[in-house]
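All remarks here apply to the structure that follows.
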Amino acid sequence: MRSGTGAGTGTAPVLDVDALLDDPATGIVVCCGSGGVGKTTTSAALALRAAERGRKVVVLTIDPARRLAQSMGIEQLDNTPRPVAGVDPAAGGSLAAMMLDMKRTFDEVVESQASPEKAQQILQNPFYVALSSSFAGTQEYMAMEKLGQVHRDARVAGTYDLIVVDTPPSRSALDFLDAPERLSSFLDGRFLKLLLAPARGPARVVSAGLGLVTNALTKIVGAQVLRDLQTFVAAFDTLFGGFRARAQSTYELLQADGTAFVVVAAPEPDALREAAYFVERLDDDAMPLAGMVVNRATPAPAVALPADEATAAASRLRRDDPGSVAAALLRLHADATRTVERERRLCERFAAAHPTVPTAVVPALASDVHDLDGLRRVGDLLAGT
C-alpha cells in the first residue's frame with residue numbers, strides 16, 4: 001500500500017504509470033470503468049503527464065465535466081483535435097484534446113461509405129436521426145469509430161504517437177466492448193431484413209405473412225412511419241458491410257500489442273464488481289490490460305488511533321461536555337478510520353481474486369480538479385510520486 005492512502009492493493013503488484021506512458025510501443029491507452037469513477041479526470045491526467053514527458057498526445061474525451069473542460073481549453077471542442085495551451089514543452093511533447101460528437105461521427109461514416117445522393121437520403125431519414133442520436137450503444141460504438149479514425153490519420157500524418165481514450169459514461173463498463181455487436185445485431189436483425197424481402201419466388205409466402213405484420217404496424221404507427229423505416233433499411237443495407245468491417249478493424253486494434261487498457265474504479269462494492277467483470281472480459285477477449293486505478297480512496301488519518309478507541313473517548317467527553325469540539329473531531333476520526341478499513345478490505349478482496357493485475361491507488365483530493373495544475377497533481381499521484 002502506498003503511504004497516505006487508505007485503500008490498499010493487497011498482494012497485487014503496483015502499476016508503473018510512467019513506464020507505461022514512456023514506452024514508445026504504447027500507442028493507445030483506453031481508460032474504462034463504470035460511470036462516476038473519475039475516468040475523464042484520469043484520462044486527462046495521464047494524457048498531460050505523457051505529453052510533459054515527451055509524447056505527442058491526443059486525448060479523446062466524452063462529455064467532460066465543465067470545469068475540467070475549461071481547464072484544458074476544450075469548451076468549444078468538436079471532432080477535430082485542438083492544442084491544449086499551458087503544457088510544458090521542455091521534454092518535446094505536445095497535447096491536443098477533442099470531444100466526441102456522436103452524431104457528427106456517425107454522419108462522417110455514412111458520408112464516407114455512400115454516394116452523395118445515398119448519404120443525403122440516409123442523413124435526412126427520421127429513423128437514422130433517431131439511431132444516430134439516441135440508440136442505446138451508439139455513443140460507445142462511435143467512440144470506437146472515432147478512435148479508429150484518429151489512429152489511421154495519426155499514422156499517415158505522424159501527428160500523434162499516443163492516443164488516450166476516455167470511454168463513455170455508461171452504466172456498465174462492458175457497454176464499450178459490447179456496443180459494436182449490439183448495433184450490428186440491430187442493423188442485421190431478422191425483422192429489418194424481412195422489410196427488404198422480395199415479393200417474388202420462394203419469398204412470396206414470407207412476404208404474404210409480412211404483409212399481415214406491416215398492415216398491423218401501419219394501423220399502430222401510421223403508413224408514413226413505416227415507409228420511413230423501410231426507406232431507411234433499404235438505403236442503409238448497402239452500408240452495413242462497411243460498418244461491420246470498420247467495427248471489426250477497431251476491435252482488432254484494441255487487441256493489438258500497442259494498446260493498453262486501464263480500468264478505473266472507486267473503492268466501492270459496485271464499482272469494484274464492475275472492474276472485476278471488465279478485467280475478466282478483457283482476458284477472455286485477449287485484450288491487453290495494463291492495470292487498474294482505484295480512484296478517490298479515502299486518505300488515511302494522520303493519527304493512528306483505532307476507531308473504537310476514538311469513539312469511546314468521544315463518548316466520555318460528551319458526558320462531561322455535550323458540545324465538546326474535541327468529541328466531534330474524535331467521532332469524525334472514527335468514521336474516517338472505519339471508511340479506510342472498509343475500503344482496504346474491498347481492495348484486498350479484489351487483489352486476492354485478481355493477484356496479477358497491477359494497481360495504483362489515488363487518494364481523494366480536497367477539491368475538484370479544475371486546471372492543469374490539478375491534473376498534474378493527479379498524474380503525480382497516479383505515478384506514486
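Every chain in the C-alpha cells takes a letter, A first, then B, and so on in the order presented; its residues are numbered from 1, and the ligands are numbered from 1 following the presented order.
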
Skip segment 23-33 of chain A itself and residues of its chain fewer than 4 positions away, then list as a list in words all residues within 6 Å of it, counting only C-alpha atoms.
-> Asp161, Leu162, Ile163, Val164, Val165, Asp166, Thr167, Ala173, Gly258, Thr259, Ala260, Phe261, Val262, Val263 and Val264 of chain A

Find the residues around Tyr277 of chain A up to 8 Å (only C-alpha atoms counted), leave out those fewer than 4 positions away in its own chain, and share them as a PDB file with N, CA and C atoms, in the first residue's frame.
```
ATOM      1  N   LEU A 174     -18.896  -2.706 -19.466  1.00  0.00           N
ATOM      2  CA  LEU A 174     -18.855  -3.612 -20.605  1.00  0.00           C
ATOM      3  C   LEU A 174     -19.543  -3.050 -21.836  1.00  0.00           C
ATOM      4  N   ARG A 273     -16.928  -4.387  -8.412  1.00  0.00           N
ATOM      5  CA  ARG A 273     -17.560  -5.524  -9.072  1.00  0.00           C
ATOM      6  C   ARG A 273     -17.544  -5.320 -10.592  1.00  0.00           C
ATOM      7  N   ARG A 281     -13.433  -9.885 -18.676  1.00  0.00           N
ATOM      8  CA  ARG A 281     -13.834  -9.790 -20.079  1.00  0.00           C
ATOM      9  C   ARG A 281     -12.620  -9.481 -20.964  1.00  0.00           C
TER      10      ARG A 281
END
```

If you take only C-alpha atoms and a cut-off of 10 Å, which residues of segment 113-152 of chain A touch segment 243-250 of chain A, and what are their nearest atom pairs and distances in Å to one decimal, in chain and number order, as JSON lines?
```
{"residue": "A:Gln113", "atom": "CA", "partner": "A:Phe243", "partner_atom": "CA", "distance": 8.7}
{"residue": "A:Tyr141", "atom": "CA", "partner": "A:Ala247", "partner_atom": "CA", "distance": 8.0}
{"residue": "A:Met142", "atom": "CA", "partner": "A:Ala247", "partner_atom": "CA", "distance": 9.6}
{"residue": "A:Met144", "atom": "CA", "partner": "A:Thr250", "partner_atom": "CA", "distance": 6.5}
{"residue": "A:Glu145", "atom": "CA", "partner": "A:Thr250", "partner_atom": "CA", "distance": 7.0}
{"residue": "A:Lys146", "atom": "CA", "partner": "A:Thr250", "partner_atom": "CA", "distance": 9.4}
{"residue": "A:Leu147", "atom": "CA", "partner": "A:Thr250", "partner_atom": "CA", "distance": 7.7}
{"residue": "A:Gly148", "atom": "CA", "partner": "A:Thr250", "partner_atom": "CA", "distance": 5.6}
{"residue": "A:Gln149", "atom": "CA", "partner": "A:Thr250", "partner_atom": "CA", "distance": 9.1}
{"residue": "A:His151", "atom": "CA", "partner": "A:Thr250", "partner_atom": "CA", "distance": 9.5}
```

May I have a table of the residues of segment 83-130 of chain A lying at most 10 Å from segment 368-379 of chain A, giving each one's closest pair of atoms and their distance in Å to one decimal, counting only C-alpha atoms, ordered by chain and ascending residue number, as CSV?
```
residue,atom,partner,partner_atom,distance
A:Val84,CA,A:Leu372,CA,9.8
A:Ala85,CA,A:Leu372,CA,9.5
A:Gly86,CA,A:Leu372,CA,7.6
A:Val87,CA,A:Leu372,CA,8.1
```

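Taking only C-alpha atoms into account, Arg342 of chain A lies nearest to A:Thr298 out of the set A:Ala44, A:Asp320, A:Ala327, A:Thr298.
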
Between A:Thr159, A:Asn295, A:Thr339, A:Thr356, which is the closest to Thr42 of chain A once you count only C-alpha atoms?
-> A:Asn295

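One finds atom CA of Tyr128 of chain A at 17.9 Å from atom CA of Ala143 of chain A.
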
May I have a table of the residues of segment 252-353 of chain A lying at most 12 Å from segment 36-39 of chain A, giving each one's closest pair of atoms and their distance in Å to one decimal, counting only C-alpha atoms, ordered by chain and ascending residue number, as CSV?
```
residue,atom,partner,partner_atom,distance
A:Phe261,CA,A:Lys39,CA,11.9
A:Val262,CA,A:Lys39,CA,9.5
A:Val263,CA,A:Lys39,CA,8.6
A:Val264,CA,A:Lys39,CA,6.1
A:Ala265,CA,A:Val37,CA,5.5
A:Ala266,CA,A:Val37,CA,5.4
A:Pro267,CA,A:Val37,CA,9.2
A:Glu268,CA,A:Val37,CA,9.7
A:Asp270,CA,A:Val37,CA,10.7
A:Ala271,CA,A:Val37,CA,7.5
A:Leu272,CA,A:Val37,CA,10.2
A:Glu274,CA,A:Val37,CA,10.9
A:Ala275,CA,A:Val37,CA,10.6
A:Met292,CA,A:Lys39,CA,11.3
A:Val293,CA,A:Lys39,CA,9.5
A:Val294,CA,A:Val37,CA,8.7
A:Asn295,CA,A:Val37,CA,6.8
A:Arg296,CA,A:Val37,CA,8.0
A:Ala297,CA,A:Val37,CA,10.8
```

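Shortest separation to Thr385 of chain A among A:Val325, A:Ala256, A:Ala360, A:Leu123 occurs at residue A:Ala360, atoms counted being only C-alpha atoms.
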
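Distances here use only C-alpha atoms; by that measure, the residue among A:Val109, A:Met99, A:Val17, A:Val58 closest to Pro168 of chain A is A:Met99.
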
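Closest to Gln139 of chain A among A:Gly242, A:Pro306, A:Pro126, A:Pro169 is A:Pro169, based on only C-alpha atoms.
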
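Using only C-alpha atoms for every distance, the candidate list A:Leu15, A:Leu332, A:Ala352, A:Leu177 yields A:Leu15 as the residue closest to Gly384 of chain A.
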
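For the pair atom CA of Pro363 of chain A and atom CA of Ala45 of chain A, the separation is 14.2 Å.
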